[in-house]
file target.cif (mmCIF, C-alpha atoms and all ligand atoms)
data_target
#
loop_
_atom_site.label_atom_id
_atom_site.label_comp_id
_atom_site.auth_asym_id
_atom_site.auth_seq_id
_atom_site.Cartn_x
_atom_site.Cartn_y
_atom_site.Cartn_z
CA MET P 1 -19.01 -2.75 36.55
CA ASN P 2 -22.57 -3.89 37.22
CA ASP P 3 -25.85 -2.88 35.62
CA MET P 4 -26.39 -0.11 38.15
CA THR P 5 -23.16 1.76 37.28
CA PRO P 6 -23.90 4.80 35.14
CA THR P 7 -22.37 3.93 31.77
CA GLN P 8 -19.91 6.33 30.25
CA ALA P 9 -20.42 7.06 26.58
CA VAL P 10 -17.87 4.81 24.90
CA PRO P 11 -16.71 6.52 21.70
CA VAL P 12 -17.53 4.19 18.84
CA LEU P 13 -16.05 4.93 15.45
CA PRO P 14 -18.35 4.96 12.46
CA ASP P 15 -17.52 2.06 10.10
CA ALA P 16 -14.99 0.75 12.64
CA GLN P 17 -12.72 -2.18 11.83
CA THR P 18 -10.18 -3.81 14.13
CA VAL P 19 -6.46 -3.94 13.39
CA THR P 20 -5.17 -7.52 13.43
CA GLU P 21 -1.52 -7.14 12.40
CA VAL P 22 1.04 -4.37 11.83
CA THR P 23 4.44 -4.72 10.11
CA HIS P 24 6.99 -1.91 10.02
CA TRP P 25 9.20 -2.30 6.95
CA THR P 26 11.34 0.82 7.27
CA ASP P 27 11.20 4.11 9.18
CA TYR P 28 8.89 5.36 6.43
CA LEU P 29 6.87 2.31 5.39
CA PHE P 30 4.46 -0.02 7.16
CA SER P 31 1.66 -2.39 6.31
CA PHE P 32 -1.30 -3.51 8.39
CA ARG P 33 -4.25 -5.84 8.29
CA VAL P 34 -7.76 -5.18 9.58
CA THR P 35 -10.99 -7.13 9.88
CA ARG P 36 -13.17 -7.10 6.78
CA PRO P 37 -16.78 -5.94 6.97
CA ALA P 38 -18.97 -8.92 6.09
CA SER P 39 -20.82 -6.87 3.49
CA LEU P 40 -17.70 -5.55 1.71
CA ARG P 41 -17.33 -6.79 -1.86
CA PHE P 42 -14.52 -5.39 -4.02
CA ARG P 43 -12.56 -6.17 -7.15
CA SER P 44 -8.84 -6.84 -6.63
CA GLY P 45 -7.00 -3.58 -7.40
CA GLU P 46 -9.62 -1.20 -6.00
CA PHE P 47 -9.24 1.32 -3.17
CA VAL P 48 -11.31 2.48 -0.19
CA MET P 49 -11.23 5.45 2.17
CA ILE P 50 -9.72 4.67 5.55
CA GLY P 51 -8.70 6.77 8.51
CA LEU P 52 -8.97 7.76 12.14
CA MET P 53 -11.00 10.23 14.17
CA GLY P 54 -9.33 13.66 14.31
CA ASP P 55 -8.96 15.68 17.49
CA PRO P 56 -12.11 17.46 18.69
CA ASP P 57 -12.55 21.00 17.39
CA PRO P 58 -11.72 23.32 20.36
CA LYS P 59 -14.80 25.46 19.61
CA THR P 60 -17.46 22.88 18.93
CA GLY P 61 -15.94 19.95 20.80
CA LYS P 62 -16.78 17.74 17.81
CA ALA P 63 -14.27 15.51 16.07
CA LYS P 64 -14.25 14.73 12.36
CA PRO P 65 -12.74 11.67 10.71
CA ILE P 66 -9.49 12.13 8.78
CA LEU P 67 -9.83 9.87 5.75
CA ARG P 68 -7.51 9.05 2.85
CA ALA P 69 -7.73 6.76 -0.15
CA TYR P 70 -5.84 3.50 0.28
CA SER P 71 -5.52 0.70 -2.24
CA ILE P 72 -6.53 -2.65 -0.81
CA ALA P 73 -3.36 -4.76 -0.96
CA SER P 74 -5.09 -8.06 -0.16
CA PRO P 75 -7.00 -10.04 -2.77
CA ALA P 76 -10.81 -10.08 -3.06
CA TRP P 77 -10.98 -13.60 -1.55
CA ASP P 78 -9.12 -12.77 1.68
CA ASP P 79 -10.99 -12.71 5.04
CA GLU P 80 -9.08 -9.61 6.12
CA LEU P 81 -8.00 -6.41 4.39
CA GLU P 82 -4.36 -5.38 4.01
CA PHE P 83 -2.98 -1.88 3.42
CA TYR P 84 0.52 -0.57 2.70
CA SER P 85 1.36 2.96 3.77
CA ILE P 86 4.05 5.56 4.06
CA LYS P 87 4.66 7.30 7.37
CA VAL P 88 4.72 11.07 7.11
CA GLN P 89 5.86 12.60 10.40
CA ASP P 90 3.66 15.68 10.04
CA GLY P 91 0.99 14.03 7.85
CA PRO P 92 -2.52 14.57 9.27
CA LEU P 93 -3.35 10.87 9.06
CA THR P 94 -0.15 8.83 8.83
CA SER P 95 1.57 10.67 11.69
CA ARG P 96 -1.01 8.87 13.88
CA LEU P 97 -1.86 5.84 11.77
CA GLN P 98 1.75 4.63 12.00
CA HIS P 99 1.22 4.00 15.73
CA ILE P 100 -1.76 1.63 15.41
CA LYS P 101 -1.47 -1.75 17.11
CA PRO P 102 -3.47 -4.99 16.92
CA GLY P 103 -6.79 -4.47 18.71
CA ASP P 104 -7.03 -0.77 17.75
CA GLN P 105 -9.83 0.43 15.53
CA ILE P 106 -9.69 2.35 12.29
CA ILE P 107 -12.46 3.80 10.13
CA LEU P 108 -13.10 2.07 6.82
CA ARG P 109 -15.74 3.36 4.44
CA PRO P 110 -16.97 0.27 2.60
CA LYS P 111 -17.27 1.81 -0.88
CA PRO P 112 -14.51 0.38 -3.06
CA VAL P 113 -13.68 2.05 -6.40
CA GLY P 114 -10.78 2.22 -8.85
CA THR P 115 -9.51 1.70 -12.37
CA LEU P 116 -6.73 -0.86 -11.74
CA VAL P 117 -9.10 -3.75 -12.36
CA HIS P 118 -9.23 -6.51 -14.94
CA ASP P 119 -12.58 -5.24 -16.20
CA ALA P 120 -10.90 -2.07 -17.53
CA LEU P 121 -8.53 -4.01 -19.81
CA LEU P 122 -9.17 -5.89 -23.03
CA PRO P 123 -7.90 -9.47 -23.08
CA GLY P 124 -4.16 -9.72 -23.76
CA LYS P 125 -1.17 -12.04 -23.44
CA ARG P 126 1.25 -10.08 -21.26
CA LEU P 127 0.34 -7.87 -18.28
CA TRP P 128 2.76 -5.19 -17.06
CA LEU P 129 2.30 -3.87 -13.51
CA PHE P 130 4.39 -0.70 -13.21
CA SER P 131 4.81 0.72 -9.69
CA THR P 132 6.87 3.08 -7.58
CA GLY P 133 6.91 3.21 -3.77
CA THR P 134 3.57 2.31 -2.15
CA GLY P 135 2.07 2.12 -5.65
CA ILE P 136 2.79 -1.60 -5.43
CA ALA P 137 -0.23 -2.02 -3.09
CA PRO P 138 -2.99 -2.62 -5.67
CA PHE P 139 -0.68 -5.07 -7.46
CA ALA P 140 -0.15 -6.98 -4.21
CA SER P 141 -3.89 -7.59 -4.44
CA LEU P 142 -3.96 -8.43 -8.16
CA LEU P 143 -0.96 -10.77 -7.95
CA ARG P 144 -2.84 -12.86 -5.36
CA GLU P 145 -5.94 -12.94 -7.52
CA PRO P 146 -6.38 -16.19 -9.52
CA GLU P 147 -8.01 -14.29 -12.41
CA THR P 148 -4.68 -12.53 -13.08
CA TRP P 149 -3.00 -15.86 -13.74
CA GLU P 150 -5.88 -17.33 -15.68
CA ALA P 151 -6.11 -14.28 -17.97
CA TYR P 152 -2.43 -13.84 -18.92
CA ASP P 153 0.50 -15.93 -20.15
CA GLU P 154 3.01 -13.59 -18.54
CA VAL P 155 2.84 -10.99 -15.76
CA ILE P 156 5.70 -8.53 -15.19
CA LEU P 157 5.82 -6.58 -11.93
CA THR P 158 8.20 -3.62 -11.94
CA HIS P 159 8.82 -1.78 -8.68
CA THR P 160 11.08 1.26 -8.48
CA CYS P 161 12.09 2.68 -5.11
CA ARG P 162 14.80 4.99 -3.91
CA GLU P 163 16.51 2.43 -1.66
CA VAL P 164 16.84 -1.33 -1.42
CA ALA P 165 15.05 -1.54 1.97
CA GLU P 166 11.92 -0.06 0.36
CA LEU P 167 11.71 -3.07 -1.97
CA GLU P 168 11.32 -5.53 0.91
CA TYR P 169 7.50 -5.56 1.07
CA GLY P 170 7.37 -6.45 -2.63
CA ARG P 171 10.20 -8.97 -2.40
CA ARG P 172 8.44 -10.80 0.44
CA LEU P 173 5.16 -10.66 -1.46
CA ILE P 174 6.74 -12.34 -4.49
CA GLU P 175 8.46 -14.93 -2.30
CA GLY P 176 5.13 -15.66 -0.60
CA LEU P 177 3.33 -16.05 -3.93
CA ARG P 178 5.85 -18.55 -5.19
CA GLU P 179 5.67 -20.53 -1.95
CA ASP P 180 1.86 -20.51 -1.80
CA GLU P 181 0.57 -23.92 -2.82
CA LEU P 182 -2.56 -22.77 -4.66
CA ILE P 183 -1.43 -19.49 -6.22
CA GLY P 184 2.10 -20.84 -6.75
CA GLU P 185 0.73 -23.56 -8.98
CA LEU P 186 -1.39 -21.10 -10.96
CA ILE P 187 1.59 -18.80 -11.43
CA GLY P 188 3.97 -21.51 -12.65
CA ASP P 189 6.67 -19.63 -14.58
CA LYS P 190 4.44 -16.73 -15.67
CA LEU P 191 5.70 -14.19 -13.14
CA ARG P 192 8.62 -11.85 -13.83
CA TYR P 193 9.69 -9.54 -10.98
CA TYR P 194 11.76 -6.49 -11.95
CA PRO P 195 12.77 -4.36 -8.94
CA THR P 196 14.94 -1.27 -9.44
CA THR P 197 16.45 1.37 -7.15
CA THR P 198 17.38 4.95 -7.95
CA ARG P 199 19.36 6.26 -4.99
CA GLU P 200 21.20 3.18 -3.84
CA GLU P 201 23.14 0.59 -5.82
CA SER P 202 21.29 -2.69 -6.40
CA PRO P 203 21.37 -5.40 -9.08
CA LYS P 204 19.24 -3.06 -11.27
CA THR P 205 19.79 0.63 -10.76
CA GLY P 206 17.76 3.33 -12.52
CA ARG P 207 14.24 4.59 -13.07
CA ILE P 208 12.07 2.05 -14.87
CA THR P 209 11.10 4.78 -17.35
CA ASP P 210 14.73 5.29 -18.40
CA LEU P 211 15.39 1.54 -18.49
CA LEU P 212 12.37 1.06 -20.77
CA ARG P 213 13.36 3.90 -23.10
CA ARG P 214 16.85 2.46 -23.38
CA GLY P 215 15.39 -0.96 -24.16
CA GLU P 216 17.19 -2.41 -21.14
CA VAL P 217 14.06 -3.92 -19.56
CA GLN P 218 13.12 -5.55 -22.86
CA ALA P 219 16.67 -6.94 -23.26
CA ASP P 220 16.75 -8.23 -19.67
CA LEU P 221 13.39 -9.97 -20.05
CA GLY P 222 13.90 -11.17 -23.63
CA ILE P 223 11.00 -9.17 -25.05
CA ASP P 224 11.21 -8.14 -28.72
CA THR P 225 8.28 -5.78 -29.09
CA ILE P 226 5.64 -4.23 -26.89
CA GLY P 227 2.34 -3.46 -28.61
CA PRO P 228 -1.46 -3.37 -28.35
CA GLU P 229 -1.91 -6.87 -29.81
CA THR P 230 -0.10 -8.54 -26.92
CA ASP P 231 0.52 -6.12 -24.07
CA ARG P 232 -1.66 -4.72 -21.29
CA ALA P 233 -0.48 -2.49 -18.46
CA MET P 234 -1.52 -1.14 -15.08
CA VAL P 235 0.35 1.84 -13.67
CA CYS P 236 0.48 3.07 -10.06
CA GLY P 237 2.98 5.58 -8.75
CA SER P 238 3.65 9.27 -8.31
CA LEU P 239 2.03 11.75 -10.66
CA GLY P 240 5.26 12.38 -12.59
CA PHE P 241 5.91 8.66 -12.93
CA ASN P 242 2.38 7.96 -14.15
CA LEU P 243 2.66 10.68 -16.82
CA GLU P 244 6.00 9.39 -18.07
CA ILE P 245 4.85 5.78 -18.25
CA LYS P 246 1.67 6.85 -20.04
CA GLU P 247 3.75 8.60 -22.68
CA ILE P 248 5.94 5.54 -23.11
CA LEU P 249 2.93 3.20 -23.39
CA GLU P 250 1.19 5.50 -25.86
CA GLY P 251 4.44 5.40 -27.85
CA TYR P 252 4.00 1.62 -28.11
CA GLY P 253 0.48 2.20 -29.45
CA LEU P 254 -1.37 1.30 -26.23
CA GLU P 255 -4.50 3.29 -25.35
CA GLU P 256 -5.87 4.14 -21.91
CA GLY P 257 -8.92 2.18 -20.78
CA ALA P 258 -11.56 2.67 -18.11
CA ASN P 259 -14.23 0.58 -16.41
CA SER P 260 -16.76 1.85 -18.93
CA GLU P 261 -14.43 1.36 -21.90
CA PRO P 262 -11.76 -1.33 -21.51
CA LYS P 263 -8.59 -0.80 -23.56
CA HIS P 264 -4.85 -1.52 -23.23
CA TYR P 265 -3.67 0.20 -20.06
CA VAL P 266 -5.00 1.87 -16.89
CA VAL P 267 -3.46 4.31 -14.43
CA GLU P 268 -3.99 5.30 -10.81
CA LYS P 269 -2.01 7.67 -8.62
CA ALA P 270 -0.40 6.04 -5.61
CA PHE P 271 -2.10 7.51 -2.58
CA VAL P 272 -0.22 9.47 0.04
CA GLY P 273 -1.39 9.26 3.63
P1 LIG P 301 14.19 9.14 -8.17
O1 LIG P 301 14.93 8.72 -6.95
O2 LIG P 301 15.08 9.23 -9.37
O3 LIG P 301 13.38 10.38 -7.98
P2 LIG P 301 9.28 8.99 -4.50
O4 LIG P 301 9.82 8.40 -3.22
O5 LIG P 301 9.76 10.38 -4.80
O6 LIG P 301 7.78 8.85 -4.64
O7 LIG P 301 9.87 8.09 -5.64
C1 LIG P 301 9.75 6.71 -5.66
C2 LIG P 301 10.58 6.16 -6.80
O8 LIG P 301 9.98 6.59 -8.04
C3 LIG P 301 11.99 6.69 -6.79
O9 LIG P 301 12.84 5.63 -7.10
C4 LIG P 301 11.98 7.75 -7.86
O10 LIG P 301 13.19 7.93 -8.54
C5 LIG P 301 10.98 7.18 -8.84
N1 LIG P 301 10.37 8.22 -9.67
C6 LIG P 301 9.91 9.42 -9.27
N2 LIG P 301 9.43 10.13 -10.32
C7 LIG P 301 9.60 9.37 -11.41
C8 LIG P 301 9.32 9.55 -12.80
N3 LIG P 301 8.77 10.67 -13.26
N4 LIG P 301 9.63 8.54 -13.62
C9 LIG P 301 10.22 7.42 -13.15
N5 LIG P 301 10.49 7.18 -11.87
C10 LIG P 301 10.20 8.14 -11.00
#
call {"tool": "encode", "arguments": {"input": "target.cif", "output": "structure tokens", "more": "lines below"}}
Ligand code: A2P
result
Amino acid sequence: MNDMTPTQAVPVLPDAQTVTEVTHWTDYLFSFRVTRPASLRFRSGEFVMIGLMGDPDPKTGKAKPILRAYSIASPAWDDELEFYSIKVQDGPLTSRLQHIKPGDQIILRPKPVGTLVHDALLPGKRLWLFSTGTGIAPFASLLREPETWEAYDEVILTHTCREVAELEYGRRLIEGLREDELIGELIGDKLRYYPTTTREESPKTGRITDLLRRGEVQADLGIDTIGPETDRAMVCGSLGFNLEIKEILEGYGLEEGANSEPKHYVVEKAFVG
């Protein structure tokens, strides 16, 4: 094409970022990395709206973006942004998002928000990160954040999934953390990883909620008491899971915090694409 060729209108996405890497973990789970807008500042644990352009409206011919909330799974210091998603075959966004490849563009609205941040918790000794399914994403960010390791003596990540294959993203994350020279040194022996499955046998079978109520988690990890003097928690999973964990934490005397009023625990619903 030379300068004289009439240029076709190239569709440019608003707030476009370029996909750099895609990993398919199971038929229903994938993660991907995109370029990071130079101006984007966020706190590890926050989420942004991301998406793709929808099909043009047959009447108006105009297309609207389809956007969903996604926790940023990469830490605040990373050059790129990582996301972890389910694939829903008839989902408006993830039915298409699951097919992205390096070089493709996605829309990313650069306005990060969220409650799963250190600022929303009072100082404590032990941090619990309770997740189910893709709810592990904000913790993937926080676990790679040096502040997490500087602020706590012990960090316990629990991840409950239906099947063993769904634990793989988290297992690889933990492996990577321990192997990482810088973060690995900060972590030392502070990290406890507690994966459980509910619909397939694994070394620890059962919902984390039931295991906590039975005192099995505490026995496995050698923890005598959980209470507001020592313990802080962040919760990210399905609505039902979040409600049950909240009840359990309140039973230990922990109170829910917010950015404006830091307390003992914070909750966010895992987002569905
Ligand atoms: P279960 O298999 O017993 O329903 P989902 O894929 O439905 O989002 O669930 C992800 C994981 O979270 C599953 O292991 C599921 O267990 C578990 N889960 C769902 N609801 C709750 C809840 N209310 N409390 C504890 N775990 C839950």
call {"tool": "residues_around", "arguments": {"input": "target.cif", "residues": "Tyr252 (chain P)", "least_positions_apart": "6", "cutoff": "10 Å", "atoms": "all atoms listed in the file", "output": "list of chain:residue names"}}
result
P:Thr225, P:Ile226, P:Gly227, P:Pro228, P:Asp231, P:Lys246
call {"tool": "closest_atom_pairs", "arguments": {"input": "target.cif", "of": "chain P", "to": "ligand LIG 301 (chain P)", "cutoff": "9 Å", "atoms": "only C-alpha atoms and all ligand atoms", "output": "tab-separated table"}}
result
residue	atom	partner	partner_atom	distance
P:Ser131	CA	P:LIG301	O8	8.0
P:Thr132	CA	P:LIG301	O8	4.7
P:Gly133	CA	P:LIG301	C1	4.9
P:Thr134	CA	P:LIG301	O6	8.2
P:Gly135	CA	P:LIG301	O6	8.9
P:His159	CA	P:LIG301	C2	8.3
P:Thr160	CA	P:LIG301	O9	4.9
P:Cys161	CA	P:LIG301	O9	3.6
P:Arg162	CA	P:LIG301	O9	3.8
P:Glu163	CA	P:LIG301	O9	7.3
P:Thr196	CA	P:LIG301	O9	7.6
P:Thr197	CA	P:LIG301	O9	5.6
P:Thr198	CA	P:LIG301	O1	4.6
P:Arg199	CA	P:LIG301	O1	5.4
P:Glu200	CA	P:LIG301	O1	8.9
P:Gly206	CA	P:LIG301	O2	7.2
P:Arg207	CA	P:LIG301	N5	4.7
P:Ile208	CA	P:LIG301	C9	5.9
P:Thr209	CA	P:LIG301	C9	5.0
P:Asp210	CA	P:LIG301	C9	7.2
P:Gly237	CA	P:LIG301	O8	7.1
P:Ser238	CA	P:LIG301	O6	5.5
P:Leu239	CA	P:LIG301	N3	7.3
P:Gly240	CA	P:LIG301	N3	4.0
P:Phe241	CA	P:LIG301	N3	3.5
P:Asn242	CA	P:LIG301	N3	7.0
P:Leu243	CA	P:LIG301	N3	7.1
P:Glu244	CA	P:LIG301	N3	5.7
P:Ile245	CA	P:LIG301	N4	7.2
P:Ala270	CA	P:LIG301	O6	8.7
call {"tool": "residues_around", "arguments": {"input": "target.cif", "residues": "region 185-192 of chain P", "least_positions_apart": "5", "cutoff": "12 Å", "atoms": "all atoms listed in the file", "output": "PyMOL selection string"}}
result
chain P and resi 125-130+143-159+171+174-180+217-218+220-223
call {"tool": "write_last_selection", "arguments": {"input": "target.cif", "atoms": "C-alpha atoms", "output": "CSV table (one decimal), keeping the file's coordinate frame"}}
result
chain,number,residue,atom,x,y,z
P,125,LYS,CA,-1.2,-12.0,-23.4
P,126,ARG,CA,1.2,-10.1,-21.3
P,127,LEU,CA,0.3,-7.9,-18.3
P,128,TRP,CA,2.8,-5.2,-17.1
P,129,LEU,CA,2.3,-3.9,-13.5
P,130,PHE,CA,4.4,-0.7,-13.2
P,143,LEU,CA,-1.0,-10.8,-8.0
P,144,ARG,CA,-2.8,-12.9,-5.4
P,145,GLU,CA,-5.9,-12.9,-7.5
P,146,PRO,CA,-6.4,-16.2,-9.5
P,147,GLU,CA,-8.0,-14.3,-12.4
P,148,THR,CA,-4.7,-12.5,-13.1
P,149,TRP,CA,-3.0,-15.9,-13.7
P,150,GLU,CA,-5.9,-17.3,-15.7
P,151,ALA,CA,-6.1,-14.3,-18.0
P,152,TYR,CA,-2.4,-13.8,-18.9
P,153,ASP,CA,0.5,-15.9,-20.2
P,154,GLU,CA,3.0,-13.6,-18.5
P,155,VAL,CA,2.8,-11.0,-15.8
P,156,ILE,CA,5.7,-8.5,-15.2
P,157,LEU,CA,5.8,-6.6,-11.9
P,158,THR,CA,8.2,-3.6,-11.9
P,159,HIS,CA,8.8,-1.8,-8.7
P,171,ARG,CA,10.2,-9.0,-2.4
P,174,ILE,CA,6.7,-12.3,-4.5
P,175,GLU,CA,8.5,-14.9,-2.3
P,176,GLY,CA,5.1,-15.7,-0.6
P,177,LEU,CA,3.3,-16.0,-3.9
P,178,ARG,CA,5.8,-18.6,-5.2
P,179,GLU,CA,5.7,-20.5,-2.0
P,180,ASP,CA,1.9,-20.5,-1.8
P,217,VAL,CA,14.1,-3.9,-19.6
P,218,GLN,CA,13.1,-5.6,-22.9
P,220,ASP,CA,16.8,-8.2,-19.7
P,221,LEU,CA,13.4,-10.0,-20.0
P,222,GLY,CA,13.9,-11.2,-23.6
P,223,ILE,CA,11.0,-9.2,-25.0
call {"tool": "closest_residue", "arguments": {"input": "target.cif", "among": "P:Pro138, P:Pro92, P:Gly51, P:Pro123", "to": "Ala76 (chain P)", "atoms": "all atoms listed in the file"}}
result
P:Pro138
call {"tool": "residues_around", "arguments": {"input": "target.cif", "residues": "Ala165 (chain P)", "least_positions_apart": "3", "cutoff": "8 Å", "atoms": "all atoms listed in the file", "output": "MDAnalysis selection string"}}
result
chainID P and resid 25:26 168
call {"tool": "residues_around", "arguments": {"input": "target.cif", "residues": "His118 (chain P)", "least_positions_apart": "2", "cutoff": "9 Å", "atoms": "only C-alpha atoms", "output": "JSON list (two decimals) with C-alpha atoms, in the coordinates of the input"}}
result
[["chain", "number", "residue", "atom", "x", "y", "z"],
["P", 43, "ARG", "CA", -12.56, -6.17, -7.15],
["P", 44, "SER", "CA", -8.84, -6.84, -6.63],
["P", 45, "GLY", "CA", -7.00, -3.58, -7.40],
["P", 115, "THR", "CA", -9.51, 1.70, -12.37],
["P", 116, "LEU", "CA", -6.73, -0.86, -11.74],
["P", 120, "ALA", "CA", -10.90, -2.07, -17.53],
["P", 121, "LEU", "CA", -8.53, -4.01, -19.81],
["P", 122, "LEU", "CA", -9.17, -5.89, -23.03],
["P", 123, "PRO", "CA", -7.90, -9.47, -23.08],
["P", 142, "LEU", "CA", -3.96, -8.43, -8.16],
["P", 147, "GLU", "CA", -8.01, -14.29, -12.41],
["P", 148, "THR", "CA", -4.68, -12.53, -13.08],
["P", 151, "ALA", "CA", -6.11, -14.28, -17.97],
["P", 259, "ASN", "CA", -14.23, 0.58, -16.41],
["P", 262, "PRO", "CA", -11.76, -1.33, -21.51]]
call {"tool": "closest_residue", "arguments": {"input": "target.cif", "among": "P:Glu46, P:Ile136, P:Met234, P:Ile248", "to": "Leu212 (chain P)", "atoms": "all atoms listed in the file"}}
result
P:Ile248
call {"tool": "residues_around", "arguments": {"input": "target.cif", "residues": "Pro112 (chain P)", "least_positions_apart": "4", "cutoff": "6 Å", "atoms": "only C-alpha atoms", "output": "tab-separated table (two decimals) with C-alpha atoms, in the coordinates of the input"}}
result
chain	number	residue	atom	x	y	z
P	42	PHE	CA	-14.52	-5.39	-4.02
P	46	GLU	CA	-9.62	-1.20	-6.00
P	47	PHE	CA	-9.24	1.32	-3.17
P	48	VAL	CA	-11.31	2.48	-0.19
call {"tool": "closest_residue", "arguments": {"input": "target.cif", "among": "P:Lys64, P:Val117, P:Asp55, P:Arg214", "to": "His264 (chain P)", "atoms": "all atoms listed in the file"}}
result
P:Val117
